[in-house]
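As provided, query.pdb (PDB, C-alpha atoms) reads as follows.
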ATOM      1  CA  MET A   1     173.331  47.604  66.195
ATOM      2  CA  ASN A   2     172.184  45.617  69.206
ATOM      3  CA  ASN A   3     174.946  47.147  71.358
ATOM      4  CA  LYS A   4     173.976  50.695  70.309
ATOM      5  CA  PHE A   5     170.350  50.014  71.204
ATOM      6  CA  LEU A   6     171.339  48.653  74.643
ATOM      7  CA  ALA A   7     173.659  51.625  75.257
ATOM      8  CA  VAL A   8     170.889  54.136  74.403
ATOM      9  CA  LEU A   9     168.415  52.223  76.545
ATOM     10  CA  LEU A  10     170.883  52.220  79.452
ATOM     11  CA  VAL A  11     171.432  55.995  79.141
ATOM     12  CA  ILE A  12     167.682  56.664  79.086
ATOM     13  CA  ALA A  13     167.068  54.389  82.077
ATOM     14  CA  THR A  14     169.880  56.044  84.055
ATOM     15  CA  ALA A  15     168.527  59.520  83.287
ATOM     16  CA  PHE A  16     165.020  58.471  84.303
ATOM     17  CA  ILE A  17     166.238  56.983  87.593
ATOM     18  CA  ALA A  18     168.309  60.106  88.348
ATOM     19  CA  CYS A  19     165.294  62.379  87.747
ATOM     20  CA  LYS A  20     163.035  60.219  89.881
ATOM     21  CA  LYS A  21     165.633  60.155  92.686
ATOM     22  CA  ASP A  22     165.877  63.989  92.634
ATOM     23  CA  LYS A  23     162.120  64.351  92.998
ATOM     24  CA  VAL A  24     162.027  62.012  95.994
ATOM     25  CA  GLN A  25     164.715  64.029  97.802
ATOM     26  CA  GLU A  26     163.054  67.422  97.310
ATOM     27  CA  PRO A  27     161.363  68.674 100.476
ATOM     28  CA  GLU A  28     157.621  69.007 100.281
ATOM     29  CA  GLU A  29     156.355  72.549  99.943
ATOM     30  CA  ASN A  30     154.156  73.980 102.688
ATOM     31  CA  VAL A  31     155.247  71.370 105.243
ATOM     32  CA  LEU A  32     155.685  72.809 108.721
ATOM     33  CA  PRO A  33     158.342  71.594 111.160
ATOM     34  CA  THR A  34     157.332  68.564 113.191
ATOM     35  CA  GLY A  35     158.059  67.810 116.822
ATOM     36  CA  LYS A  36     158.258  69.880 119.953
ATOM     37  CA  TYR A  37     160.740  72.741 120.365
ATOM     38  CA  ARG A  38     161.716  74.236 123.765
ATOM     39  CA  LEU A  39     162.791  77.850 124.345
ATOM     40  CA  ILE A  40     166.539  77.935 125.001
ATOM     41  CA  GLU A  41     167.555  81.531 124.225
ATOM     42  CA  MET A  42     166.321  85.069 123.665
ATOM     43  CA  MET A  43     168.556  87.418 121.674
ATOM     44  CA  GLN A  44     167.793  91.118 121.993
ATOM     45  CA  SER A  45     168.912  93.570 119.306
ATOM     46  CA  ASN A  46     170.395  97.007 119.837
ATOM     47  CA  ALA A  47     169.287 100.202 118.050
ATOM     48  CA  GLU A  48     171.299  99.244 114.932
ATOM     49  CA  GLY A  49     169.542  95.859 114.761
ATOM     50  CA  LYS A  50     172.621  93.866 115.833
ATOM     51  CA  ASP A  51     172.604  91.125 118.474
ATOM     52  CA  SER A  52     173.379  92.716 121.836
ATOM     53  CA  VAL A  53     171.963  90.797 124.824
ATOM     54  CA  SER A  54     171.563  87.025 125.044
ATOM     55  CA  VAL A  55     169.438  85.404 127.745
ATOM     56  CA  LYS A  56     169.685  81.611 128.139
ATOM     57  CA  TYR A  57     166.775  79.485 129.395
ATOM     58  CA  PRO A  58     168.169  76.165 130.643
ATOM     59  CA  LEU A  59     165.058  75.401 132.743
ATOM     60  CA  SER A  60     162.371  76.741 130.399
ATOM     61  CA  SER A  61     159.287  74.632 129.743
ATOM     62  CA  LEU A  62     157.979  76.995 127.038
ATOM     63  CA  SER A  63     157.418  74.888 123.958
ATOM     64  CA  LEU A  64     156.605  75.599 120.320
ATOM     65  CA  THR A  65     154.719  73.122 118.142
ATOM     66  CA  PHE A  66     153.228  73.331 114.653
ATOM     67  CA  ASP A  67     149.855  72.028 113.499
ATOM     68  CA  GLN A  68     150.107  70.994 109.840
ATOM     69  CA  ASP A  69     146.345  70.678 109.336
ATOM     70  CA  LYS A  70     145.388  74.026 110.857
ATOM     71  CA  LYS A  71     148.567  75.820 109.619
ATOM     72  CA  THR A  72     149.279  77.207 113.085
ATOM     73  CA  ALA A  73     152.222  77.507 115.450
ATOM     74  CA  ASN A  74     151.398  77.143 119.145
ATOM     75  CA  VAL A  75     153.318  78.069 122.301
ATOM     76  CA  SER A  76     152.674  76.852 125.818
ATOM     77  CA  GLY A  77     154.644  76.665 129.052
ATOM     78  CA  LYS A  78     156.863  78.801 131.269
ATOM     79  CA  PRO A  79     160.078  80.565 130.309
ATOM     80  CA  GLU A  80     160.680  81.246 134.023
ATOM     81  CA  PHE A  81     157.628  81.694 136.299
ATOM     82  CA  LEU A  82     154.671  82.868 134.204
ATOM     83  CA  GLN A  83     152.568  80.341 132.287
ATOM     84  CA  MET A  84     152.136  81.437 128.667
ATOM     85  CA  THR A  85     149.909  80.224 125.866
ATOM     86  CA  GLY A  86     149.564  81.536 122.371
ATOM     87  CA  SER A  87     149.262  80.844 118.687
ATOM     88  CA  TYR A  88     150.023  82.204 115.226
ATOM     89  CA  LYS A  89     148.738  81.530 111.751
ATOM     90  CA  VAL A  90     151.624  80.257 109.622
ATOM     91  CA  SER A  91     152.129  81.127 105.940
ATOM     92  CA  ALA A  92     153.971  78.928 103.451
ATOM     93  CA  ASP A  93     156.874  81.390 103.372
ATOM     94  CA  GLY A  94     157.436  81.239 107.148
ATOM     95  CA  ARG A  95     155.497  84.360 108.085
ATOM     96  CA  LEU A  96     153.659  84.376 111.406
ATOM     97  CA  THR A  97     150.445  86.390 111.592
ATOM     98  CA  ASP A  98     147.594  86.972 114.041
ATOM     99  CA  GLY A  99     149.837  86.270 117.040
ATOM    100  CA  LYS A 100     147.963  85.976 120.308
ATOM    101  CA  VAL A 101     149.767  85.423 123.607
ATOM    102  CA  SER A 102     148.379  85.364 127.128
ATOM    103  CA  THR A 103     150.136  84.989 130.469
ATOM    104  CA  SER A 104     149.030  83.789 133.866
ATOM    105  CA  LYS A 105     148.738  86.183 136.756
ATOM    106  CA  GLY A 106     151.564  86.143 139.221
ATOM    107  CA  VAL A 107     155.005  87.484 139.819
ATOM    108  CA  PRO A 108     157.001  87.307 136.582
ATOM    109  CA  GLY A 109     160.609  86.239 136.403
ATOM    110  CA  GLU A 110     163.233  88.730 135.295
ATOM    111  CA  ASN A 111     162.686  87.968 131.589
ATOM    112  CA  ASP A 112     159.160  86.519 131.434
ATOM    113  CA  LEU A 113     157.594  89.752 130.193
ATOM    114  CA  ASN A 114     160.299  90.183 127.524
ATOM    115  CA  VAL A 115     159.536  86.691 126.197
ATOM    116  CA  ALA A 116     155.795  87.458 126.165
ATOM    117  CA  ASP A 117     156.526  90.692 124.277
ATOM    118  CA  PHE A 118     158.747  88.880 121.760
ATOM    119  CA  LEU A 119     156.071  86.234 121.204
ATOM    120  CA  ALA A 120     153.401  88.876 120.666
ATOM    121  CA  ILE A 121     155.417  90.560 117.910
ATOM    122  CA  GLY A 122     156.813  87.434 116.259
ATOM    123  CA  GLU A 123     156.660  87.920 112.496
ATOM    124  CA  LYS A 124     158.420  84.939 110.928
ATOM    125  CA  TYR A 125     160.073  81.659 111.771
ATOM    126  CA  GLU A 126     163.143  80.013 110.334
ATOM    127  CA  LEU A 127     164.192  76.388 110.640
ATOM    128  CA  LYS A 128     167.933  76.052 111.391
ATOM    129  CA  GLY A 129     169.105  72.494 111.904
ATOM    130  CA  GLY A 130     167.394  71.223 115.040
ATOM    131  CA  SER A 131     166.127  74.672 116.030
ATOM    132  CA  VAL A 132     163.328  77.036 115.131
ATOM    133  CA  VAL A 133     164.122  80.757 115.330
ATOM    134  CA  VAL A 134     161.194  83.136 115.801
ATOM    135  CA  HIS A 135     162.141  86.602 114.565
ATOM    136  CA  THR A 136     160.440  89.721 115.907
ATOM    137  CA  ARG A 137     159.977  93.207 114.564
ATOM    138  CA  ASN A 138     163.163  95.140 115.414
ATOM    139  CA  LYS A 139     163.686  93.573 118.853
ATOM    140  CA  GLY A 140     165.559  90.314 118.238
ATOM    141  CA  TYR A 141     164.588  86.671 118.161
ATOM    142  CA  LEU A 142     163.767  83.588 120.225
ATOM    143  CA  VAL A 143     165.522  80.248 119.699
ATOM    144  CA  PHE A 144     163.584  77.036 120.279
ATOM    145  CA  SER A 145     165.498  73.741 120.241
ATOM    146  CA  MET A 146     164.108  70.329 119.180
ATOM    147  CA  GLN A 147     163.129  68.128 122.126
ATOM    148  CA  LYS A 148     163.473  64.362 122.017
TER
END
Would you mind writing the structure in this file as structure tokens?
Amino acid sequence: MNNKFLAVLLVIATAFIACKKDKVQEPEENVLPTGKYRLIEMMQSNAEGKDSVSVKYPLSSLSLTFDQDKKTANVSGKPEFLQMTGSYKVSADGRLTDGKVSTSKGVPGENDLNVADFLAIGEKYELKGGSVVVHTRNKGYLVFSMQK
């Protein structure tokens, strides 16, 4: 009888610990990415919506950060030559709304205006490994990589 009681108690304790462990490992809902992400690539889509033109940004200083308290995503820096600043409101499902982007005056680099256009029409973000991908309406997407 004593052994049966201990066996049942052990099974219950194991089940309880397993449930508690699962809850600890679940990601928190409504938590935005943390850290600073730098623009590394712009992917333009063709008329069928497939990736067609990739532009790399090895020297970009355009960064994307998220503000957990204000539920915003903010961009600042230069893809090439134009200084850009902007922000979005961020929804729990990754949607970006109320995007506002401004650029400095000056001579833009070959792709500065495309990046500004993509930022202005950003509609959702997706976290992929160490990157954040900002998808646009029918034009393509921007890839921001985590900075250390």
Q.
Suppose a student applies the PyMOL selection byres ((chain A and resi 44) around 6) to this structure; what residues should they get, written as a list in words?
A.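 Output of the PyMOL selection byres ((chain A and resi 44) around 6): Met43, Ser45, Asp51, Ser52, Val53, Lys139 and Gly140 of chain A.
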### Query
Between CA of Glu110 in chain A and CA of Gly35 in chain A, what is the spacing in Å?
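Those two atoms sit 28.4 Å apart.
Candidate residues A:Ser76, A:Ser61, A:Thr85, A:Thr136 were compared for distance to Gly49 in chain A, and the nearest is A:Thr136, using all atoms listed in the file.
The space separating CA of Lys70 in chain A from CA of Val31 in chain A comes to 11.7 Å.
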- Nearest to Leu59 in chain A, chosen from A:Leu119, A:Glu41, A:Val75, A:Arg95, with only C-alpha atoms counted in the distances: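 Closest to Leu59 in chain A, using only C-alpha atoms: A:Glu41.
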* For this file, the PyMOL selection byres ((chain A and resi 128) around 12) selects which residues, as a VMD selection string? -> chain A and resid 33 37 125 to 127 129 to 134 143 to 146
I'd like to see the residues matched by the PyMOL selection byres ((chain A and resi 98) around 8) on this file, and ideally I'd get them as a ChimeraX atom specification. /A:87-89,96-97,99-100
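Between CA of Asp93 in chain A and CA of Gln68 in chain A the separation is 14.0 Å.
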I need every residue sitting at most 12 Å from the point (144.6, 73.1, 108.7) (coordinates as in the file, all atoms listed in the file considered), written as a PyMOL selection string.
chain A and resi 30-32+66-73+89-91
Incomplete range 106-125 of chain A filled out to N, CA, C and O atoms as a JSON list (two decimals), in the coordinates of the input:
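Saved the output as out.json:
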[["chain", "number", "residue", "atom", "x", "y", "z"],
["A", 106, "GLY", "N", 150.56, 86.53, 138.24],
["A", 106, "GLY", "CA", 151.56, 86.14, 139.22],
["A", 106, "GLY", "C", 152.78, 87.02, 139.08],
["A", 106, "GLY", "O", 152.82, 87.96, 138.28],
["A", 107, "VAL", "N", 153.77, 86.71, 139.85],
["A", 107, "VAL", "CA", 155.00, 87.48, 139.82],
["A", 107, "VAL", "C", 155.89, 86.94, 138.70],
["A", 107, "VAL", "O", 156.28, 85.78, 138.72],
["A", 108, "PRO", "N", 156.19, 87.78, 137.70],
["A", 108, "PRO", "CA", 157.00, 87.31, 136.58],
["A", 108, "PRO", "C", 158.47, 87.20, 136.96],
["A", 108, "PRO", "O", 158.95, 87.89, 137.85],
["A", 109, "GLY", "N", 159.16, 86.31, 136.27],
["A", 109, "GLY", "CA", 160.61, 86.24, 136.40],
["A", 109, "GLY", "C", 161.23, 87.43, 135.70],
["A", 109, "GLY", "O", 160.54, 88.22, 135.04],
["A", 110, "GLU", "N", 162.52, 87.58, 135.84],
["A", 110, "GLU", "CA", 163.23, 88.73, 135.29],
["A", 110, "GLU", "C", 162.97, 88.94, 133.81],
["A", 110, "GLU", "O", 162.87, 90.06, 133.34],
["A", 111, "ASN", "N", 162.83, 87.85, 133.04],
["A", 111, "ASN", "CA", 162.69, 87.97, 131.59],
["A", 111, "ASN", "C", 161.37, 87.44, 131.04],
["A", 111, "ASN", "O", 161.18, 87.42, 129.83],
["A", 112, "ASP", "N", 160.45, 87.04, 131.90],
["A", 112, "ASP", "CA", 159.16, 86.52, 131.43],
["A", 112, "ASP", "C", 158.42, 87.51, 130.54],
["A", 112, "ASP", "O", 157.91, 87.14, 129.48],
["A", 113, "LEU", "N", 158.36, 88.77, 130.96],
["A", 113, "LEU", "CA", 157.59, 89.75, 130.19],
["A", 113, "LEU", "C", 158.27, 90.05, 128.85],
["A", 113, "LEU", "O", 157.58, 90.30, 127.86],
["A", 114, "ASN", "N", 159.60, 90.00, 128.80],
["A", 114, "ASN", "CA", 160.30, 90.18, 127.52],
["A", 114, "ASN", "C", 159.94, 89.06, 126.56],
["A", 114, "ASN", "O", 159.73, 89.29, 125.37],
["A", 115, "VAL", "N", 159.89, 87.82, 127.05],
["A", 115, "VAL", "CA", 159.54, 86.69, 126.20],
["A", 115, "VAL", "C", 158.11, 86.86, 125.69],
["A", 115, "VAL", "O", 157.84, 86.67, 124.50],
["A", 116, "ALA", "N", 157.19, 87.25, 126.58],
["A", 116, "ALA", "CA", 155.79, 87.46, 126.16],
["A", 116, "ALA", "C", 155.71, 88.55, 125.10],
["A", 116, "ALA", "O", 154.98, 88.41, 124.11],
["A", 117, "ASP", "N", 156.49, 89.61, 125.26],
["A", 117, "ASP", "CA", 156.53, 90.69, 124.28],
["A", 117, "ASP", "C", 157.07, 90.19, 122.94],
["A", 117, "ASP", "O", 156.51, 90.47, 121.88],
["A", 118, "PHE", "N", 158.15, 89.43, 122.99],
["A", 118, "PHE", "CA", 158.75, 88.88, 121.76],
["A", 118, "PHE", "C", 157.76, 87.96, 121.05],
["A", 118, "PHE", "O", 157.64, 88.00, 119.83],
["A", 119, "LEU", "N", 157.05, 87.13, 121.82],
["A", 119, "LEU", "CA", 156.07, 86.23, 121.20],
["A", 119, "LEU", "C", 154.94, 87.02, 120.55],
["A", 119, "LEU", "O", 154.48, 86.66, 119.47],
["A", 120, "ALA", "N", 154.51, 88.09, 121.20],
["A", 120, "ALA", "CA", 153.40, 88.88, 120.67],
["A", 120, "ALA", "C", 153.75, 89.55, 119.34],
["A", 120, "ALA", "O", 152.88, 89.76, 118.50],
["A", 121, "ILE", "N", 155.03, 89.87, 119.14],
["A", 121, "ILE", "CA", 155.42, 90.56, 117.91],
["A", 121, "ILE", "C", 156.22, 89.66, 116.96],
["A", 121, "ILE", "O", 156.86, 90.15, 116.04],
["A", 122, "GLY", "N", 156.15, 88.36, 117.18],
["A", 122, "GLY", "CA", 156.81, 87.43, 116.26],
["A", 122, "GLY", "C", 156.26, 87.61, 114.86],
["A", 122, "GLY", "O", 155.04, 87.69, 114.68],
["A", 123, "GLU", "N", 157.15, 87.70, 113.86],
["A", 123, "GLU", "CA", 156.66, 87.92, 112.50],
["A", 123, "GLU", "C", 157.06, 86.84, 111.50],
["A", 123, "GLU", "O", 156.46, 86.73, 110.44],
["A", 124, "LYS", "N", 158.07, 86.05, 111.82],
["A", 124, "LYS", "CA", 158.42, 84.94, 110.93],
["A", 124, "LYS", "C", 159.24, 83.91, 111.69],
["A", 124, "LYS", "O", 159.83, 84.22, 112.73],
["A", 125, "TYR", "N", 159.24, 82.69, 111.17],
["A", 125, "TYR", "CA", 160.07, 81.66, 111.77],
["A", 125, "TYR", "C", 161.03, 81.14, 110.71],
["A", 125, "TYR", "O", 160.80, 81.25, 109.51]]
